[in-house]
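What follows is a set of notes on a single structure, which appears directly below.
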Amino acid sequence: QMVRCRRIVFENFFSRMESGKEMKNQRMLDELTELMRIDVSSGQETEIAEHLVKKLEQMGFAITRDEAGATFGGVCGNILAVREGERDGVVCFCSHMDRVPGGIGIKPVEEDGILRSSGDTILAADDLSGVAAILEGVRQAIESGKALPKLEILFTVGEEAGLYGAKAFDVSLLTSKTMYVLDSPGRIGRIVNGAPGRSLLEAQVFGKAAHAGNEPEKGIDAAKIMAEMLATMETGRLDENTTSNFSHLWSKTCEAMNVVCDHAILRGEMRSRSGEKLDRYEAYFQSHCREIAEKRGARVEFKRENTFLPFFIPEDSEMIQIVTESLKEMGIEPQINGGGGGMDGNIFNQKGITCVGIATGYFKNHSTEEYLHLDDFYHAGELVARIIGRIA
């Protein structure tokens, strides 16, 4: 009887929704494009934060703001919005407010169910589609008139610059021990249950300076040695979930053309969903570079910085089941897989808050070719409302 009663309540909660059908939610679209037109960059989220605070307060949320921006040279903190519930349970949703460079002066253009920029900027669907979907889903839940659980919404800063907002956030402020992060590319139905960890690797090569015209043979060319290291190193796609990329090559000391370079730096990243594989690649990187340096008479020093750790959430976990059941009610087939990029969820999983990512319909993010499937975006708002309903 209890299961039957809960099912009836849940079905009544969504009695006005036409799931699995094409639809247009003008309110969602207008709010999304309004947010896109606000100029934002990592560390400079104040204007959009003020807009979001007003919207959340109008829905009855109490707002807490921190000083996360100061930890990475920014001026804005994270926004935590909390609405106390009328019934047991709590649910937390998260998206980030910032965007990658190239997001100033965005002019959204809608055509045949797709939203793009005018072509000279990014679209910032990463991650404003997540922000707008959370706002809409919460509105739908409130407008249903049903008793709701406690709602927690976290909008972070500095995600694109290095997950700085998540790193600075005090998770003790949350009641929920799980979090749905609406910040993943892909069609509606995609659930990201794993993401790689990322470490930065650096090799500094120390050679020997000499006059490049009078006695080059007396020098040890650190730049040439660095180039040999990179040219012979295994990089790119290493296996299905491990990659490496070295894109920063420079010298701090050798600006003159007539001096054999005595100091060069090679810097890049490695990513994997396996911490063991990250350690293994670092060991390979060091042995490879050291062997070449010693053969050429140079010295090499290494650094490693872990920017975030990998995570994996089993498919049979309760929070994933809540999403898959909600999607099936909408007539959408769930697709559970791992991602290749980092997100706030990496940090929060590390801090003890179990997170999964949810796709909102965007593709080619971080480029001027970024686009958003609007039907997927509208359904993402409904999905948020349905998750709230299932928690209730």
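Ordering of the structure tokens sets the chain letters (A, B, ...), residue numbers begin anew at 1 in every chain, and ligands are numbered from 1 in the order given.
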* To do: Within region 195-285 of chain A, find each residue whose DSSP state, derived from the backbone, is alpha helix (DSSP H), and express the selection as a list in words.
  => Ala222, Ala223, Lys224, Ile225, Met226, Ala227, Glu228, Met229, Leu230, Ala231, Gly275, Glu276, Lys277, Leu278, Asp279, Arg280, Tyr281, Glu282, Ala283, Tyr284 and Phe285 of chain A
May I have the selected residues written with N, CA and C atoms, as a PDB file, in the first residue's frame?
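Contents of the output file part_25.pdb:
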```
ATOM      1  N   ALA A 222      69.525  22.903 -24.151  1.00  0.00           N
ATOM      2  CA  ALA A 222      68.379  22.400 -23.387  1.00  0.00           C
ATOM      3  C   ALA A 222      67.111  22.373 -24.228  1.00  0.00           C
ATOM      4  N   ALA A 223      66.947  23.332 -25.130  1.00  0.00           N
ATOM      5  CA  ALA A 223      65.753  23.371 -25.976  1.00  0.00           C
ATOM      6  C   ALA A 223      65.705  22.166 -26.910  1.00  0.00           C
ATOM      7  N   LYS A 224      66.833  21.814 -27.505  1.00  0.00           N
ATOM      8  CA  LYS A 224      66.889  20.660 -28.402  1.00  0.00           C
ATOM      9  C   LYS A 224      66.627  19.363 -27.638  1.00  0.00           C
ATOM     10  N   ILE A 225      67.153  19.271 -26.430  1.00  0.00           N
ATOM     11  CA  ILE A 225      66.925  18.082 -25.601  1.00  0.00           C
ATOM     12  C   ILE A 225      65.448  17.973 -25.238  1.00  0.00           C
ATOM     13  N   MET A 226      64.827  19.094 -24.880  1.00  0.00           N
ATOM     14  CA  MET A 226      63.402  19.095 -24.575  1.00  0.00           C
ATOM     15  C   MET A 226      62.588  18.634 -25.779  1.00  0.00           C
ATOM     16  N   ALA A 227      62.949  19.129 -26.965  1.00  0.00           N
ATOM     17  CA  ALA A 227      62.241  18.742 -28.178  1.00  0.00           C
ATOM     18  C   ALA A 227      62.384  17.242 -28.434  1.00  0.00           C
ATOM     19  N   GLU A 228      63.568  16.689 -28.166  1.00  0.00           N
ATOM     20  CA  GLU A 228      63.781  15.248 -28.342  1.00  0.00           C
ATOM     21  C   GLU A 228      62.924  14.453 -27.356  1.00  0.00           C
ATOM     22  N   MET A 229      62.830  14.942 -26.134  1.00  0.00           N
ATOM     23  CA  MET A 229      61.987  14.274 -25.140  1.00  0.00           C
ATOM     24  C   MET A 229      60.550  14.170 -25.625  1.00  0.00           C
ATOM     25  N   LEU A 230      60.015  15.295 -26.107  1.00  0.00           N
ATOM     26  CA  LEU A 230      58.623  15.321 -26.532  1.00  0.00           C
ATOM     27  C   LEU A 230      58.401  14.505 -27.806  1.00  0.00           C
ATOM     28  N   ALA A 231      59.350  14.596 -28.742  1.00  0.00           N
ATOM     29  CA  ALA A 231      59.191  13.905 -30.021  1.00  0.00           C
ATOM     30  C   ALA A 231      59.171  12.387 -29.877  1.00  0.00           C
ATOM     31  N   GLY A 275      43.691   6.112 -10.872  1.00  0.00           N
ATOM     32  CA  GLY A 275      44.803   6.736 -10.187  1.00  0.00           C
ATOM     33  C   GLY A 275      46.098   5.971 -10.381  1.00  0.00           C
ATOM     34  N   GLU A 276      45.991   4.633 -10.472  1.00  0.00           N
ATOM     35  CA  GLU A 276      47.173   3.806 -10.701  1.00  0.00           C
ATOM     36  C   GLU A 276      47.819   4.127 -12.038  1.00  0.00           C
ATOM     37  N   LYS A 277      46.998   4.348 -13.064  1.00  0.00           N
ATOM     38  CA  LYS A 277      47.537   4.667 -14.389  1.00  0.00           C
ATOM     39  C   LYS A 277      48.194   6.045 -14.401  1.00  0.00           C
ATOM     40  N   LEU A 278      47.663   6.982 -13.623  1.00  0.00           N
ATOM     41  CA  LEU A 278      48.302   8.292 -13.515  1.00  0.00           C
ATOM     42  C   LEU A 278      49.703   8.154 -12.923  1.00  0.00           C
ATOM     43  N   ASP A 279      49.808   7.366 -11.867  1.00  0.00           N
ATOM     44  CA  ASP A 279      51.123   7.153 -11.245  1.00  0.00           C
ATOM     45  C   ASP A 279      52.076   6.447 -12.203  1.00  0.00           C
ATOM     46  N   ARG A 280      51.546   5.481 -12.952  1.00  0.00           N
ATOM     47  CA  ARG A 280      52.380   4.716 -13.875  1.00  0.00           C
ATOM     48  C   ARG A 280      52.910   5.616 -14.991  1.00  0.00           C
ATOM     49  N   TYR A 281      52.049   6.510 -15.501  1.00  0.00           N
ATOM     50  CA  TYR A 281      52.493   7.390 -16.581  1.00  0.00           C
ATOM     51  C   TYR A 281      53.523   8.392 -16.064  1.00  0.00           C
ATOM     52  N   GLU A 282      53.341   8.891 -14.852  1.00  0.00           N
ATOM     53  CA  GLU A 282      54.329   9.806 -14.291  1.00  0.00           C
ATOM     54  C   GLU A 282      55.703   9.129 -14.201  1.00  0.00           C
ATOM     55  N   ALA A 283      55.713   7.876 -13.761  1.00  0.00           N
ATOM     56  CA  ALA A 283      56.981   7.149 -13.658  1.00  0.00           C
ATOM     57  C   ALA A 283      57.629   6.990 -15.035  1.00  0.00           C
ATOM     58  N   TYR A 284      56.794   6.691 -16.056  1.00  0.00           N
ATOM     59  CA  TYR A 284      57.310   6.588 -17.428  1.00  0.00           C
ATOM     60  C   TYR A 284      57.858   7.934 -17.898  1.00  0.00           C
ATOM     61  N   PHE A 285      57.115   9.007 -17.659  1.00  0.00           N
ATOM     62  CA  PHE A 285      57.520  10.347 -18.073  1.00  0.00           C
ATOM     63  C   PHE A 285      58.892  10.703 -17.495  1.00  0.00           C
TER      64      PHE A 285
END
```
* Write down as a PyMOL selection string the residues belonging to region 64-282 of chain A that are assigned strand (DSSP E or B) by DSSP computed on the backbone. => chain A and resi 64-65+79-83+90-96+109-111+114-116+150-156+178-184+190-195+197-206+208+211+220+236-239+242-250+259+263-272
* Structure fact -> Counting only C-alpha atoms, closest pick from A:Ala392, A:Ile347, A:Leu56, A:Ala147 relative to Gly165 (chain A) is A:Ile347
* Asked: Smallest atom-to-atom distance to Glu370 (chain A): which of A:Ile265, A:Val131, A:Ala125, A:Met319, using only C-alpha atoms?
  ->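 Ranked by minimum distance to Glu370 (chain A), first place goes to A:Ala125.
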* Asked: What is the CA of Glu45 (chain A)-CA of Ser95 (chain A) distance in Å, reported with one decimal?
  ->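 So the answer is 13.1 Å.
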* Asked: Expressed in Å to a single decimal, how great is the separation between CA of Val171 (chain A) and CA of Thr324 (chain A)?
  ->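 Pair CA of Val171 (chain A) / CA of Thr324 (chain A) returns 26.1 Å.
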* Asked: Hey, what's within 10 Å of Cys76 (chain A) if we count only C-alpha atoms and toss same-chain stuff fewer than 6 positions away? As a list in words, please?
  -> Ser42, Gly43, Gln44, Glu45, Thr46, Glu47, Ala49, Arg65, Asp66, Glu67, Ala68, Gly69, Ala70, Thr156, Val157, Gly158 and Gly165 of chain A
* Asked: Quick one, how far is CA of Gly381 (chain A) from CA of Gly137 (chain A)?
  ->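 Separation between CA of Gly381 (chain A) and CA of Gly137 (chain A): 4.4 Å.
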Mind checking which residues fall within 9 Å of region 374-376 of chain A, counting only C-alpha atoms, ignoring those fewer than 2 positions away in the same chain, and posting them as a compact mmCIF listing (two decimals) with N, CA and C atoms, in the first residue's frame?
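Below is the file that was written, around37.txt:
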```txt
# COMPACT_ATOMS: atom_id res chain seq x y z
N LYS A 21 7.67 13.95 -25.56
CA LYS A 21 7.22 14.58 -26.79
C LYS A 21 8.02 15.85 -27.03
N GLU A 22 8.07 16.25 -28.31
CA GLU A 22 8.72 17.51 -28.60
C GLU A 22 7.92 18.64 -27.97
N MET A 23 8.62 19.59 -27.43
CA MET A 23 7.93 20.68 -26.76
C MET A 23 8.78 21.92 -26.85
N LYS A 24 8.18 23.04 -26.60
CA LYS A 24 8.93 24.28 -26.51
C LYS A 24 8.53 24.97 -25.22
N ASN A 25 9.52 25.31 -24.43
CA ASN A 25 9.31 26.00 -23.17
C ASN A 25 9.90 27.39 -23.33
N LEU A 29 13.68 29.14 -22.51
CA LEU A 29 14.51 29.70 -23.57
C LEU A 29 14.82 31.17 -23.30
N GLU A 110 18.48 31.09 -32.62
CA GLU A 110 17.70 29.85 -32.64
C GLU A 110 17.30 29.52 -34.08
N GLY A 113 15.24 24.30 -33.91
CA GLY A 113 15.38 23.58 -32.66
C GLY A 113 16.79 23.54 -32.11
N ILE A 114 17.70 24.30 -32.71
CA ILE A 114 19.09 24.35 -32.27
C ILE A 114 19.43 25.79 -31.89
N LEU A 115 20.14 25.95 -30.78
CA LEU A 115 20.60 27.27 -30.38
C LEU A 115 22.10 27.35 -30.58
N ARG A 187 23.39 14.21 -25.44
CA ARG A 187 21.94 14.27 -25.54
C ARG A 187 21.31 13.98 -24.18
N ILE A 188 20.07 14.42 -24.03
CA ILE A 188 19.35 14.14 -22.79
C ILE A 188 19.26 12.63 -22.61
N GLY A 189 19.49 12.19 -21.41
CA GLY A 189 19.53 10.76 -21.12
C GLY A 189 20.91 10.30 -20.72
N ALA A 359 23.75 15.28 -18.65
CA ALA A 359 23.86 16.03 -19.90
C ALA A 359 22.61 16.87 -20.13
N THR A 360 22.82 18.03 -20.74
CA THR A 360 21.70 18.95 -20.99
C THR A 360 21.50 19.24 -22.48
N GLY A 361 22.26 18.54 -23.36
CA GLY A 361 22.02 18.69 -24.79
C GLY A 361 23.01 19.53 -25.55
N TYR A 362 24.12 19.97 -24.93
CA TYR A 362 25.07 20.79 -25.67
C TYR A 362 26.21 19.96 -26.23
N LEU A 372 23.31 23.84 -28.90
CA LEU A 372 22.45 23.22 -27.89
C LEU A 372 21.18 22.71 -28.55
N TYR A 378 14.97 21.54 -22.78
CA TYR A 378 13.67 21.63 -22.12
C TYR A 378 13.42 20.39 -21.25
N HIS A 379 13.79 19.22 -21.77
CA HIS A 379 13.59 17.99 -21.00
C HIS A 379 14.51 17.94 -19.77
N ALA A 380 15.67 18.62 -19.85
CA ALA A 380 16.54 18.67 -18.67
C ALA A 380 15.85 19.38 -17.52
N GLY A 381 15.08 20.42 -17.83
CA GLY A 381 14.31 21.09 -16.78
C GLY A 381 13.27 20.16 -16.18
```
Can you build me a table of region 220-282 of chain A residues sitting at most 8 Å from region 193-216 of chain A, with the closest atom pair per residue and its distance in Å to one decimal, using only C-alpha atoms, sorted by chain and residue number, as a tab-separated table?
```
residue	atom	partner	partner_atom	distance
A:Ile220	CA	A:Lys208	CA	4.6
A:Asp221	CA	A:Gly207	CA	5.8
A:Ala222	CA	A:Gly207	CA	4.8
A:Ala223	CA	A:Val205	CA	7.9
A:Ile225	CA	A:Val205	CA	7.6
A:Met226	CA	A:Val205	CA	6.8
A:Asn241	CA	A:Pro196	CA	7.4
A:Thr242	CA	A:Pro196	CA	7.9
A:Met257	CA	A:Ala212	CA	7.7
A:Asn258	CA	A:Ala212	CA	4.8
A:Val259	CA	A:Ala212	CA	4.9
A:Val260	CA	A:Ala209	CA	5.0
A:Cys261	CA	A:Ala209	CA	5.9
A:Asp262	CA	A:Gly207	CA	4.2
A:His263	CA	A:Phe206	CA	4.7
A:Ala264	CA	A:Val205	CA	5.2
A:Ile265	CA	A:Gln204	CA	4.5
A:Leu266	CA	A:Ala203	CA	5.2
A:Arg267	CA	A:Glu202	CA	4.4
A:Gly268	CA	A:Leu201	CA	5.5
A:Glu269	CA	A:Leu200	CA	4.4
A:Met270	CA	A:Ser199	CA	5.5
A:Arg271	CA	A:Arg198	CA	4.5
A:Ser272	CA	A:Pro196	CA	4.5
A:Arg273	CA	A:Pro196	CA	3.9
A:Ser274	CA	A:Pro196	CA	7.2
A:Gly275	CA	A:Gly197	CA	7.1
A:Leu278	CA	A:Ser199	CA	7.6
A:Glu282	CA	A:Leu201	CA	7.6
```
* Option closest in space to Ser144 (chain A), from A:Ala385, A:Val356, A:Ile104, A:Val323 [counting only C-alpha atoms] ->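 Counting only C-alpha atoms, the residue closest to Ser144 (chain A) is A:Ala385.
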* Distance query Phe155 (chain A) at most 12 Å, only C-alpha atoms, self and fewer than 2 positions along chain excluded, as an MDAnalysis selection string -> chainID A and resid 45:46 48:50 52:53 56 63:66 68 76:82 92:98 127:128 130:132 134:135 152:153 157:159 165:166 169 180:183 344
* Structure fact -> Between A:Asn306, A:Thr232, A:Gln58, A:Thr121, smallest distance to Asp39 (chain A) by only C-alpha atoms belongs to A:Thr121
